[in-house]
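Enquirer: Got input-v4.txt for you, compact mmCIF, C-alpha atoms:
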# COMPACT_ATOMS: atom_id res chain seq x y z
CA ASP A 2 0.00 0.00 0.00
CA ALA A 3 1.66 3.20 -1.20
CA GLY A 4 1.65 6.10 1.16
CA VAL A 5 1.42 9.73 0.13
CA THR A 6 3.55 10.42 -2.92
CA GLN A 7 4.72 13.79 -4.21
CA SER A 8 6.42 14.93 -7.38
CA PRO A 9 8.84 16.23 -8.24
CA THR A 10 11.29 15.64 -5.40
CA HIS A 11 13.27 18.79 -6.09
CA LEU A 12 13.02 21.66 -8.49
CA ILE A 13 14.68 24.98 -9.11
CA LYS A 14 12.87 28.01 -10.49
CA THR A 15 13.66 31.68 -10.96
CA ARG A 16 11.78 34.64 -9.59
CA GLY A 17 8.57 35.42 -11.43
CA GLN A 18 8.10 31.92 -12.77
CA GLN A 19 5.19 29.63 -12.01
CA VAL A 20 5.37 26.14 -10.51
CA THR A 21 3.04 23.17 -10.13
CA LEU A 22 3.55 20.51 -7.48
CA ARG A 23 1.66 17.22 -7.42
CA CYS A 24 0.40 14.92 -4.69
CA SER A 25 -1.23 11.49 -4.68
CA PRO A 26 -2.96 10.65 -1.40
CA LYS A 27 -2.67 7.42 0.52
CA SER A 28 -5.05 4.75 -0.68
CA GLY A 29 -8.49 5.24 0.88
CA HIS A 30 -7.95 8.91 1.69
CA ASP A 31 -10.10 11.62 0.16
CA THR A 32 -8.76 14.84 1.73
CA VAL A 33 -5.51 16.57 0.86
CA SER A 34 -3.81 19.38 2.75
CA TRP A 35 -0.75 21.35 1.67
CA TYR A 36 1.89 22.82 3.96
CA GLN A 37 4.92 25.06 3.45
CA GLN A 38 7.96 24.33 5.60
CA ALA A 39 10.68 26.96 5.44
CA LEU A 40 14.18 26.01 6.56
CA GLY A 41 14.34 25.71 10.34
CA GLN A 42 10.59 26.17 10.78
CA GLY A 43 7.59 23.98 11.35
CA PRO A 44 5.07 23.32 8.59
CA GLN A 45 2.59 26.13 7.85
CA PHE A 46 -0.87 25.23 6.58
CA ILE A 47 -1.63 26.52 3.08
CA PHE A 48 -5.02 24.96 2.24
CA GLN A 49 -7.11 21.82 2.32
CA TYR A 50 -9.09 20.16 -0.48
CA TYR A 51 -12.06 17.85 -0.12
CA GLU A 52 -14.57 16.84 -2.78
CA GLU A 53 -12.59 18.91 -5.30
CA GLU A 54 -13.17 22.13 -3.37
CA GLU A 55 -10.93 24.26 -1.18
CA ARG A 56 -12.35 23.84 2.33
CA GLN A 57 -9.92 25.77 4.50
CA ARG A 58 -7.14 28.21 3.76
CA GLY A 59 -4.23 29.49 5.78
CA ASN A 60 -2.63 32.92 5.62
CA PHE A 61 -1.17 32.66 2.12
CA PRO A 62 -1.63 35.07 -0.80
CA ASP A 63 -3.72 34.33 -3.87
CA ARG A 64 -0.53 33.44 -5.74
CA PHE A 65 -0.97 30.06 -4.08
CA SER A 66 -3.78 28.06 -5.62
CA GLY A 67 -4.72 24.44 -5.82
CA HIS A 68 -6.87 21.81 -7.38
CA GLN A 69 -8.17 18.40 -6.48
CA PHE A 70 -9.07 15.84 -9.11
CA PRO A 71 -11.82 13.20 -9.04
CA ASN A 72 -9.25 10.54 -8.09
CA TYR A 73 -8.42 12.68 -4.99
CA SER A 74 -4.95 13.63 -6.21
CA SER A 75 -4.07 17.30 -5.90
CA GLU A 76 -1.92 20.05 -7.33
CA LEU A 77 -0.43 23.12 -5.73
CA ASN A 78 0.28 26.05 -8.04
CA VAL A 79 2.38 29.04 -7.13
CA ASN A 80 2.51 32.03 -9.48
CA ALA A 81 4.98 34.91 -9.65
CA LEU A 82 7.53 33.09 -7.50
CA LEU A 83 9.44 35.07 -4.89
CA LEU A 84 12.73 34.18 -3.24
CA GLY A 85 10.79 33.66 -0.02
CA ASP A 86 8.78 30.87 -1.59
CA SER A 87 11.83 28.62 -1.32
CA ALA A 88 10.77 25.85 1.04
CA LEU A 89 9.80 22.22 1.44
CA TYR A 90 6.19 21.78 0.34
CA LEU A 91 4.44 18.95 2.13
CA CYS A 92 1.25 17.23 1.14
CA ALA A 93 -0.79 15.36 3.75
CA SER A 94 -3.80 13.14 3.20
CA SER A 95 -6.56 11.90 5.45
CA PHE A 96 -10.05 10.45 5.32
CA GLY A 97 -12.54 13.24 5.91
CA VAL A 98 -11.97 16.95 6.51
CA GLY A 99 -11.93 16.72 10.29
CA SER A 100 -9.28 14.06 10.55
CA VAL A 101 -6.19 16.26 10.90
CA ASP A 102 -4.96 14.01 13.70
CA THR A 103 -4.75 11.06 11.31
CA GLN A 104 -2.99 12.82 8.46
CA TYR A 105 -0.19 11.05 6.64
CA PHE A 106 2.51 13.30 5.22
CA GLY A 107 4.39 12.79 2.00
CA PRO A 108 8.15 13.30 1.71
CA GLY A 109 7.72 16.76 0.26
CA THR A 110 8.93 18.72 -2.75
CA ARG A 111 11.96 20.92 -2.19
CA LEU A 112 11.48 24.17 -4.14
CA THR A 113 14.39 26.54 -4.62
CA VAL A 114 13.71 29.97 -6.11
CA LEU A 115 16.75 31.82 -7.47
CA GLY U 27 1.62 32.65 10.47
CA GLN U 28 1.05 31.44 14.02
CA GLN U 29 3.53 28.96 15.45
CA LEU U 30 3.69 27.36 18.83
CA ASN U 31 6.57 28.02 21.23
CA GLN U 32 8.64 24.86 21.37
CA SER U 33 11.70 24.36 23.56
CA PRO U 34 14.48 23.63 23.58
CA GLN U 35 15.36 24.48 19.98
CA SER U 36 18.07 21.83 19.98
CA MET U 37 19.68 19.38 22.34
CA PHE U 38 22.68 17.11 22.36
CA ILE U 39 22.45 14.10 24.65
CA GLN U 40 24.34 10.92 25.37
CA GLU U 41 22.85 7.62 24.30
CA GLY U 42 20.81 6.20 27.15
CA GLU U 43 19.80 9.56 28.59
CA ASP U 44 16.22 10.71 28.95
CA VAL U 45 14.91 13.66 26.94
CA SER U 46 12.23 16.23 27.75
CA MET U 47 10.77 18.88 25.49
CA ASN U 48 7.71 21.07 25.69
CA CYS U 49 5.38 23.21 23.70
CA THR U 50 3.25 26.18 24.70
CA SER U 51 0.50 28.13 23.01
CA SER U 52 -1.36 31.36 23.62
CA SER U 53 -4.52 29.57 22.48
CA ILE U 54 -6.42 26.62 23.89
CA PHE U 55 -6.33 23.43 21.86
CA ASN U 56 -8.56 20.35 21.94
CA THR U 57 -5.93 18.13 20.41
CA TRP U 58 -2.15 18.05 20.75
CA LEU U 59 0.02 16.01 18.41
CA TRP U 60 3.71 15.14 18.43
CA TYR U 61 5.58 14.36 15.20
CA LYS U 62 9.12 13.31 14.26
CA GLN U 63 10.71 14.36 11.00
CA ASP U 64 13.79 12.68 9.56
CA PRO U 65 15.90 14.33 6.84
CA GLY U 66 14.23 14.13 3.44
CA GLU U 67 10.97 12.88 4.91
CA GLY U 68 7.65 14.29 5.99
CA PRO U 69 6.59 14.39 9.64
CA VAL U 70 5.44 11.09 11.16
CA LEU U 71 2.85 11.09 13.94
CA LEU U 72 4.19 9.76 17.24
CA ILE U 73 1.47 10.48 19.78
CA ALA U 74 -1.97 12.12 19.76
CA LEU U 75 -3.56 13.64 22.88
CA TYR U 76 -7.25 14.51 23.12
CA LYS U 77 -8.01 15.36 26.73
CA ALA U 78 -6.56 17.84 29.24
CA GLY U 79 -4.30 16.02 31.69
CA GLU U 80 -4.06 12.96 29.44
CA LEU U 81 -0.81 11.02 29.62
CA THR U 82 -0.11 8.70 26.68
CA SER U 83 2.82 6.43 25.92
CA ASN U 84 4.16 4.92 22.72
CA GLY U 85 7.09 2.67 23.58
CA ARG U 86 9.82 4.82 25.08
CA LEU U 87 7.86 7.99 24.31
CA THR U 88 5.44 9.59 26.75
CA ALA U 89 3.45 12.74 26.08
CA GLN U 90 1.11 14.78 28.24
CA PHE U 91 -1.71 17.18 27.42
CA GLY U 92 -1.31 20.10 29.82
CA THR U 93 -4.15 20.83 32.21
CA THR U 94 -4.44 24.42 30.96
CA ARG U 95 -4.89 23.04 27.42
CA LYS U 96 -2.21 25.52 26.34
CA ASP U 97 0.79 23.26 26.65
CA SER U 98 2.08 19.77 26.04
CA PHE U 99 5.19 17.77 26.92
CA LEU U 100 7.11 14.94 25.31
CA ASN U 101 9.56 12.68 27.07
CA ILE U 102 11.84 10.08 25.51
CA SER U 103 13.40 7.56 27.83
CA ALA U 104 16.73 5.78 27.30
CA SER U 105 17.53 7.52 24.02
CA ILE U 106 19.07 5.56 21.16
CA PRO U 107 20.81 6.77 17.98
CA SER U 108 17.68 6.35 15.84
CA ASP U 109 15.90 8.95 18.01
CA VAL U 110 17.89 11.59 16.12
CA GLY U 111 15.64 13.96 14.21
CA ILE U 112 13.39 16.97 14.60
CA TYR U 113 10.40 16.70 16.90
CA PHE U 114 7.39 18.94 16.28
CA CYS U 115 4.37 19.64 18.39
CA ALA U 116 1.11 20.64 16.74
CA GLY U 117 -2.25 21.73 18.04
CA THR U 118 -5.79 22.09 16.75
CA THR U 119 -9.22 22.93 18.09
CA GLY U 120 -10.63 20.22 15.88
CA ASN U 121 -12.19 22.47 13.29
CA THR U 122 -9.05 24.45 12.62
CA PRO U 123 -5.91 23.53 10.70
CA LEU U 124 -2.90 22.22 12.56
CA VAL U 125 -0.56 24.82 14.03
CA PHE U 126 3.01 23.58 14.41
CA GLY U 127 5.91 24.54 16.63
CA LYS U 128 9.35 25.33 15.19
CA GLY U 129 10.70 21.98 16.29
CA THR U 130 13.30 20.56 18.65
CA ARG U 131 16.37 19.13 16.93
CA LEU U 132 17.65 16.12 18.84
CA SER U 133 21.18 14.81 18.43
CA VAL U 134 22.30 11.64 20.20
CA ILE U 135 25.96 11.03 20.93
CA ALA U 136 26.83 7.34 21.05
Once more with this new file: its structure as C-alpha cells, please.

Expert:
Amino acid sequence: DAGVTQSPTHLIKTRGQQVTLRCSPKSGHDTVSWYQQALGQGPQFIFQYYEEEERQRGNFPDRFSGHQFPNYSSELNVNALLLGDSALYLCASSFGVGSVDTQYFGPGTRLTVL
Amino acid sequence: GQQLNQSPQSMFIQEGEDVSMNCTSSSIFNTWLWYKQDPGEGPVLLIALYKAGELTSNGRLTAQFGTTRKDSFLNISASIPSDVGIYFCAGTTGNTPLVFGKGTRLSVIA
C-alpha cells in the first residue's frame, strides 16, 4: 500500500516563474492538505481540499492556488515566484476533513527559487 | 503565520539519557500532536492527545496534554541513535488547521 507520494522531489525556479507541485494521497484517503515548511521552521498550513473544493485556507496570498481531481490527487500552483517561496512543500492526506490528527505526510517537494 | 513556542530548539544528549521537550500556546487546543521528522521525509505522527491532563505512551515515548490546554510535553526515555531527528508539536481545536511549533532538533551522541 503506497503512502502519500509527491512529485517532483526537487526543483529549481527563478523569480517570477510559475510552478506546479503534485500529490497522490494514501489509498483510501479523500482529503488533501498542503503545507509550506521553510528552513528551520515547522510546517505552515496553506489549504485543504475535499470533494474537489478548497475547504480551509491558511494565511497565504492568492498566488498560491490548488486543485483536487476526481481521483483525490491534488496540485499546488504558485505564481509569480518570490525568493521567499523557497521551502519544502508537504502534502498530507486523510479520510474526511476533520481528521487532521490522522494525516499522513508525503516526503515533500523541495522548491528553490533563485 | 502562528507557530507554537517549542523548547528547547536543539539538544545534544548521550545515548541512554532521557529527553524532555515542551510546547506552549497562547490559544487553547482540543488536540495536541507530536511528530518526528527525519531528513528528506515528511513528519510522522508519534502520539496524539485529546483530553486535558491525558498522559499517553508509545514505547519509550510519553506525552502529556497540559491541564491548561495551552501546553504539552514529550519525554523520551533511554535515548538511542535512531531517536535523532526533529520533533514537532502541533495543536488544533478540531475544526481548525494544525498549528506547528518550530521543532526541537535532537542529536544523540553514542

Enquirer: Could you name the residues that touch Pro123 in chain U at 8 Å or less, counting only C-alpha atoms, but leaving out those on the same chain fewer than 5 positions away, as number ranges by chain?

Expert: A: 46, 57, 59, 101; U: 118

Enquirer: Calculated over all atoms listed in the file, which of the candidates A:Leu83, A:Leu77, A:Leu89, A:Ala3 has the smallest distance to Arg111 in chain A?

Expert: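 Among A:Leu83, A:Leu77, A:Leu89, A:Ala3, it is A:Leu89 that comes nearest to Arg111 in chain A.
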
Enquirer: Within 9 Å of chain A, which residues of chain U show up? Give each one with its shortest atom-to-atom distance in Å (one decimal) and the two atoms involved, counting only C-alpha atoms, rows by chain then rising residue number, as JSON lines.

Expert:
{"residue": "U:Gly27", "atom": "CA", "partner": "A:Asn60", "partner_atom": "CA", "distance": 6.5}
{"residue": "U:Gln28", "atom": "CA", "partner": "A:Gln45", "partner_atom": "CA", "distance": 8.3}
{"residue": "U:Gln29", "atom": "CA", "partner": "A:Gly43", "partner_atom": "CA", "distance": 7.6}
{"residue": "U:Thr57", "atom": "CA", "partner": "A:Asp102", "partner_atom": "CA", "distance": 7.9}
{"residue": "U:Trp58", "atom": "CA", "partner": "A:Asp102", "partner_atom": "CA", "distance": 8.6}
{"residue": "U:Leu59", "atom": "CA", "partner": "A:Asp102", "partner_atom": "CA", "distance": 7.1}
{"residue": "U:Gly66", "atom": "CA", "partner": "A:Pro108", "partner_atom": "CA", "distance": 6.4}
{"residue": "U:Glu67", "atom": "CA", "partner": "A:Pro108", "partner_atom": "CA", "distance": 4.3}
{"residue": "U:Gly68", "atom": "CA", "partner": "A:Pro108", "partner_atom": "CA", "distance": 4.4}
{"residue": "U:Pro69", "atom": "CA", "partner": "A:Phe106", "partner_atom": "CA", "distance": 6.1}
{"residue": "U:Val70", "atom": "CA", "partner": "A:Phe106", "partner_atom": "CA", "distance": 7.0}
{"residue": "U:Leu71", "atom": "CA", "partner": "A:Tyr105", "partner_atom": "CA", "distance": 7.9}
{"residue": "U:Ala74", "atom": "CA", "partner": "A:Asp102", "partner_atom": "CA", "distance": 7.0}
{"residue": "U:Phe114", "atom": "CA", "partner": "A:Gly43", "partner_atom": "CA", "distance": 7.1}
{"residue": "U:Cys115", "atom": "CA", "partner": "A:Gly43", "partner_atom": "CA", "distance": 8.9}
{"residue": "U:Thr118", "atom": "CA", "partner": "A:Val101", "partner_atom": "CA", "distance": 8.3}
{"residue": "U:Gly120", "atom": "CA", "partner": "A:Gly99", "partner_atom": "CA", "distance": 6.7}
{"residue": "U:Asn121", "atom": "CA", "partner": "A:Gly99", "partner_atom": "CA", "distance": 6.5}
{"residue": "U:Thr122", "atom": "CA", "partner": "A:Gln57", "partner_atom": "CA", "distance": 8.3}
{"residue": "U:Pro123", "atom": "CA", "partner": "A:Phe46", "partner_atom": "CA", "distance": 6.7}
{"residue": "U:Leu124", "atom": "CA", "partner": "A:Phe46", "partner_atom": "CA", "distance": 7.0}
{"residue": "U:Val125", "atom": "CA", "partner": "A:Gln45", "partner_atom": "CA", "distance": 7.1}
{"residue": "U:Phe126", "atom": "CA", "partner": "A:Gly43", "partner_atom": "CA", "distance": 5.5}
{"residue": "U:Gly127", "atom": "CA", "partner": "A:Gly43", "partner_atom": "CA", "distance": 5.6}
{"residue": "U:Lys128", "atom": "CA", "partner": "A:Gly43", "partner_atom": "CA", "distance": 4.4}
{"residue": "U:Gly129", "atom": "CA", "partner": "A:Gly43", "partner_atom": "CA", "distance": 6.2}

Enquirer: How would the residues just chosen look if you wrote them out with C-alpha atoms as an mmCIF file, keeping the file's coordinate frame?

Expert:
data_model
loop_
_atom_site.group_PDB
_atom_site.id
_atom_site.type_symbol
_atom_site.label_atom_id
_atom_site.label_comp_id
_atom_site.auth_asym_id
_atom_site.auth_seq_id
_atom_site.Cartn_x
_atom_site.Cartn_y
_atom_site.Cartn_z
ATOM 1 C CA GLY U 27 1.620 32.650 10.470
ATOM 2 C CA GLN U 28 1.050 31.440 14.020
ATOM 3 C CA GLN U 29 3.530 28.960 15.450
ATOM 4 C CA THR U 57 -5.930 18.130 20.410
ATOM 5 C CA TRP U 58 -2.150 18.050 20.750
ATOM 6 C CA LEU U 59 0.020 16.010 18.410
ATOM 7 C CA GLY U 66 14.230 14.130 3.440
ATOM 8 C CA GLU U 67 10.970 12.880 4.910
ATOM 9 C CA GLY U 68 7.650 14.290 5.990
ATOM 10 C CA PRO U 69 6.590 14.390 9.640
ATOM 11 C CA VAL U 70 5.440 11.090 11.160
ATOM 12 C CA LEU U 71 2.850 11.090 13.940
ATOM 13 C CA ALA U 74 -1.970 12.120 19.760
ATOM 14 C CA PHE U 114 7.390 18.940 16.280
ATOM 15 C CA CYS U 115 4.370 19.640 18.390
ATOM 16 C CA THR U 118 -5.790 22.090 16.750
ATOM 17 C CA GLY U 120 -10.630 20.220 15.880
ATOM 18 C CA ASN U 121 -12.190 22.470 13.290
ATOM 19 C CA THR U 122 -9.050 24.450 12.620
ATOM 20 C CA PRO U 123 -5.910 23.530 10.700
ATOM 21 C CA LEU U 124 -2.900 22.220 12.560
ATOM 22 C CA VAL U 125 -0.560 24.820 14.030
ATOM 23 C CA PHE U 126 3.010 23.580 14.410
ATOM 24 C CA GLY U 127 5.910 24.540 16.630
ATOM 25 C CA LYS U 128 9.350 25.330 15.190
ATOM 26 C CA GLY U 129 10.700 21.980 16.290
#

Enquirer: Neighbouring residues of range 101-112 of chain U were defined as those with any atom within 8 Å, considering all atoms listed in the file; residues of the same chain fewer than 4 positions away were excluded. Please report them as a list in words.

Expert: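 Those residues are Gln40, Glu41, Gly42, Glu43, Asp44, Val45, Ser46, Met47, Lys62, Gln63, Asp64, Pro65, Arg86, Leu87, Thr88, Ala89, Gly129, Thr130, Arg131, Leu132, Ser133, Val134, Ile135 and Ala136 of chain U.
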
Enquirer: If you measure from CA of Leu81 in chain U to CA of Thr93 in chain U, what distance in Å do you get, rounded to one decimal?

Expert: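 Distance between the two atoms: 10.7 Å.
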
Enquirer: Provide the CA of Tyr50 in chain A to CA of Lys27 in chain A distance in Å, to one decimal place.

Expert: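 Separating CA of Tyr50 in chain A from CA of Lys27 in chain A is a distance of 14.3 Å.
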
Enquirer: To one decimal in Å, tell me the separation between CA of Leu112 in chain A and CA of Trp60 in chain U.

Expert: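 If I compute the distance from CA of Leu112 in chain A to CA of Trp60 in chain U, I get 25.5 Å.
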
Enquirer: Of the candidates U:Tyr113, U:Phe99, U:Asn48, U:Thr119, which shows the shortest atom-to-atom distance to Tyr61 in chain U, using only C-alpha atoms?

Expert: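 Between U:Tyr113, U:Phe99, U:Asn48, U:Thr119, the residue approaching Tyr61 in chain U most closely is U:Tyr113.
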
Enquirer: Identify which of the residues A:Asp31, A:Gln19, A:Glu52, A:Gly97 lies closest to Arg64 in chain A, counting only C-alpha atoms when measuring atom-to-atom distances.

Expert: A:Gln19

Enquirer: Of the residues A:Pro9, A:Val33, A:Phe70, A:Arg16, which is the one nearest to Arg56 in chain A, using all atoms listed in the file?

Expert: A:Val33

Enquirer: Please provide as a PyMOL selection string all residues within 10 Å of Val114 in chain A, with the sequence filter that same-chain residues fewer than 5 positions apart are discarded (counting all atoms listed in the file).

Expert: chain A and resi 12-18+82-88

Enquirer: Keeping only C-alpha atoms, take the residues you just selected and write them out as a PDB file, in the frame of the given file.

Expert:
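Dumped everything to selection-v3.pdb:
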ATOM      1  CA  LEU A  12      13.020  21.660  -8.490  1.00  0.00           C
ATOM      2  CA  ILE A  13      14.680  24.980  -9.110  1.00  0.00           C
ATOM      3  CA  LYS A  14      12.870  28.010 -10.490  1.00  0.00           C
ATOM      4  CA  THR A  15      13.660  31.680 -10.960  1.00  0.00           C
ATOM      5  CA  ARG A  16      11.780  34.640  -9.590  1.00  0.00           C
ATOM      6  CA  GLY A  17       8.570  35.420 -11.430  1.00  0.00           C
ATOM      7  CA  GLN A  18       8.100  31.920 -12.770  1.00  0.00           C
ATOM      8  CA  LEU A  82       7.530  33.090  -7.500  1.00  0.00           C
ATOM      9  CA  LEU A  83       9.440  35.070  -4.890  1.00  0.00           C
ATOM     10  CA  LEU A  84      12.730  34.180  -3.240  1.00  0.00           C
ATOM     11  CA  GLY A  85      10.790  33.660  -0.020  1.00  0.00           C
ATOM     12  CA  ASP A  86       8.780  30.870  -1.590  1.00  0.00           C
ATOM     13  CA  SER A  87      11.830  28.620  -1.320  1.00  0.00           C
ATOM     14  CA  ALA A  88      10.770  25.850   1.040  1.00  0.00           C
TER      15      ALA A  88
END

Enquirer: Padding of 3 Å on every side, edges along x, y and z, all listed atoms of range 118-128 of chain U included: what centre and edge lengths in Å, to one decimal, does that box have, as JSON?

Expert:
{"center_x": -1.4, "center_y": 22.8, "center_z": 14.4, "size_x": 27.5, "size_y": 11.1, "size_z": 13.4}

Enquirer: With all heavy atoms as the goal, would you fill in the gaps in range 34-44 of chain A and present it as a PDB file, in the frame of the given file?

Expert:
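As a result, result.pdb now contains:
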ATOM      1  N   SER A  34      -4.228  18.081   2.228  1.00  0.00           N
ATOM      2  CA  SER A  34      -3.810  19.380   2.750  1.00  0.00           C
ATOM      3  C   SER A  34      -2.386  19.659   2.304  1.00  0.00           C
ATOM      4  O   SER A  34      -1.582  18.736   2.170  1.00  0.00           O
ATOM      5  CB  SER A  34      -3.861  19.391   4.290  1.00  0.00           C
ATOM      6  OG  SER A  34      -5.176  19.176   4.752  1.00  0.00           O
ATOM      7  N   TRP A  35      -2.083  20.924   2.089  1.00  0.00           N
ATOM      8  CA  TRP A  35      -0.750  21.350   1.670  1.00  0.00           C
ATOM      9  C   TRP A  35      -0.146  22.235   2.754  1.00  0.00           C
ATOM     10  O   TRP A  35      -0.845  23.082   3.340  1.00  0.00           O
ATOM     11  CB  TRP A  35      -0.813  22.133   0.365  1.00  0.00           C
ATOM     12  CG  TRP A  35      -1.076  21.281  -0.847  1.00  0.00           C
ATOM     13  CD1 TRP A  35      -2.289  20.985  -1.406  1.00  0.00           C
ATOM     14  CD2 TRP A  35      -0.085  20.641  -1.664  1.00  0.00           C
ATOM     15  NE1 TRP A  35      -2.120  20.185  -2.513  1.00  0.00           N
ATOM     16  CE2 TRP A  35      -0.782  19.972  -2.703  1.00  0.00           C
ATOM     17  CE3 TRP A  35       1.299  20.569  -1.635  1.00  0.00           C
ATOM     18  CZ2 TRP A  35      -0.129  19.242  -3.689  1.00  0.00           C
ATOM     19  CZ3 TRP A  35       1.952  19.841  -2.620  1.00  0.00           C
ATOM     20  CH2 TRP A  35       1.242  19.186  -3.639  1.00  0.00           C
ATOM     21  N   TYR A  36       1.152  22.053   2.977  1.00  0.00           N
ATOM     22  CA  TYR A  36       1.890  22.820   3.960  1.00  0.00           C
ATOM     23  C   TYR A  36       3.170  23.341   3.337  1.00  0.00           C
ATOM     24  O   TYR A  36       3.778  22.673   2.489  1.00  0.00           O
ATOM     25  CB  TYR A  36       2.260  21.959   5.175  1.00  0.00           C
ATOM     26  CG  TYR A  36       1.090  21.474   6.003  1.00  0.00           C
ATOM     27  CD1 TYR A  36       0.351  20.362   5.614  1.00  0.00           C
ATOM     28  CD2 TYR A  36       0.730  22.116   7.184  1.00  0.00           C
ATOM     29  CE1 TYR A  36      -0.714  19.912   6.363  1.00  0.00           C
ATOM     30  CE2 TYR A  36      -0.339  21.666   7.950  1.00  0.00           C
ATOM     31  CZ  TYR A  36      -1.052  20.563   7.529  1.00  0.00           C
ATOM     32  OH  TYR A  36      -2.107  20.112   8.285  1.00  0.00           O
ATOM     33  N   GLN A  37       3.616  24.512   3.812  1.00  0.00           N
ATOM     34  CA  GLN A  37       4.920  25.060   3.450  1.00  0.00           C
ATOM     35  C   GLN A  37       5.820  24.982   4.662  1.00  0.00           C
ATOM     36  O   GLN A  37       5.436  25.426   5.753  1.00  0.00           O
ATOM     37  CB  GLN A  37       4.779  26.522   3.001  1.00  0.00           C
ATOM     38  CG  GLN A  37       6.092  27.169   2.600  1.00  0.00           C
ATOM     39  CD  GLN A  37       5.972  28.684   2.486  1.00  0.00           C
ATOM     40  OE1 GLN A  37       5.766  29.368   3.477  1.00  0.00           O
ATOM     41  NE2 GLN A  37       6.118  29.200   1.281  1.00  0.00           N
ATOM     42  N   GLN A  38       7.009  24.411   4.484  1.00  0.00           N
ATOM     43  CA  GLN A  38       7.960  24.330   5.600  1.00  0.00           C
ATOM     44  C   GLN A  38       9.253  25.022   5.182  1.00  0.00           C
ATOM     45  O   GLN A  38      10.059  24.468   4.431  1.00  0.00           O
ATOM     46  CB  GLN A  38       8.232  22.878   5.989  1.00  0.00           C
ATOM     47  CG  GLN A  38       9.110  22.743   7.224  1.00  0.00           C
ATOM     48  CD  GLN A  38       9.301  21.307   7.666  1.00  0.00           C
ATOM     49  OE1 GLN A  38       9.100  20.357   6.911  1.00  0.00           O
ATOM     50  NE2 GLN A  38       9.690  21.120   8.929  1.00  0.00           N
ATOM     51  N   ALA A  39       9.445  26.238   5.684  1.00  0.00           N
ATOM     52  CA  ALA A  39      10.680  26.960   5.440  1.00  0.00           C
ATOM     53  C   ALA A  39      11.793  26.333   6.277  1.00  0.00           C
ATOM     54  O   ALA A  39      11.534  25.646   7.270  1.00  0.00           O
ATOM     55  CB  ALA A  39      10.502  28.432   5.788  1.00  0.00           C
ATOM     56  N   LEU A  40      13.026  26.597   5.886  1.00  0.00           N
ATOM     57  CA  LEU A  40      14.180  26.010   6.560  1.00  0.00           C
ATOM     58  C   LEU A  40      14.190  26.414   8.041  1.00  0.00           C
ATOM     59  O   LEU A  40      14.068  27.592   8.362  1.00  0.00           O
ATOM     60  CB  LEU A  40      15.457  26.480   5.875  1.00  0.00           C
ATOM     61  CG  LEU A  40      16.713  25.655   6.144  1.00  0.00           C
ATOM     62  CD1 LEU A  40      16.530  24.228   5.654  1.00  0.00           C
ATOM     63  CD2 LEU A  40      17.922  26.301   5.482  1.00  0.00           C
ATOM     64  N   GLY A  41      14.270  25.436   8.914  1.00  0.00           N
ATOM     65  CA  GLY A  41      14.340  25.710  10.340  1.00  0.00           C
ATOM     66  C   GLY A  41      13.009  26.038  10.992  1.00  0.00           C
ATOM     67  O   GLY A  41      12.973  26.451  12.150  1.00  0.00           O
ATOM     68  N   GLN A  42      11.928  25.858  10.256  1.00  0.00           N
ATOM     69  CA  GLN A  42      10.590  26.170  10.780  1.00  0.00           C
ATOM     70  C   GLN A  42       9.705  24.926  10.748  1.00  0.00           C
ATOM     71  O   GLN A  42      10.041  23.914  10.127  1.00  0.00           O
ATOM     72  CB  GLN A  42       9.934  27.251   9.912  1.00  0.00           C
ATOM     73  CG  GLN A  42      10.731  28.533   9.792  1.00  0.00           C
ATOM     74  CD  GLN A  42      10.807  29.286  11.092  1.00  0.00           C
ATOM     75  OE1 GLN A  42       9.810  29.407  11.807  1.00  0.00           O
ATOM     76  NE2 GLN A  42      11.984  29.795  11.423  1.00  0.00           N
ATOM     77  N   GLY A  43       8.585  25.028  11.438  1.00  0.00           N
ATOM     78  CA  GLY A  43       7.590  23.980  11.350  1.00  0.00           C
ATOM     79  C   GLY A  43       6.711  24.188  10.129  1.00  0.00           C
ATOM     80  O   GLY A  43       6.711  25.265   9.534  1.00  0.00           O
ATOM     81  N   PRO A  44       5.980  23.173   9.737  1.00  0.00           N
ATOM     82  CA  PRO A  44       5.070  23.320   8.590  1.00  0.00           C
ATOM     83  C   PRO A  44       4.005  24.380   8.850  1.00  0.00           C
ATOM     84  O   PRO A  44       3.501  24.509   9.967  1.00  0.00           O
ATOM     85  CB  PRO A  44       4.441  21.925   8.473  1.00  0.00           C
ATOM     86  CG  PRO A  44       5.404  20.998   9.138  1.00  0.00           C
ATOM     87  CD  PRO A  44       6.006  21.798  10.251  1.00  0.00           C
TER      88      PRO A  44
END
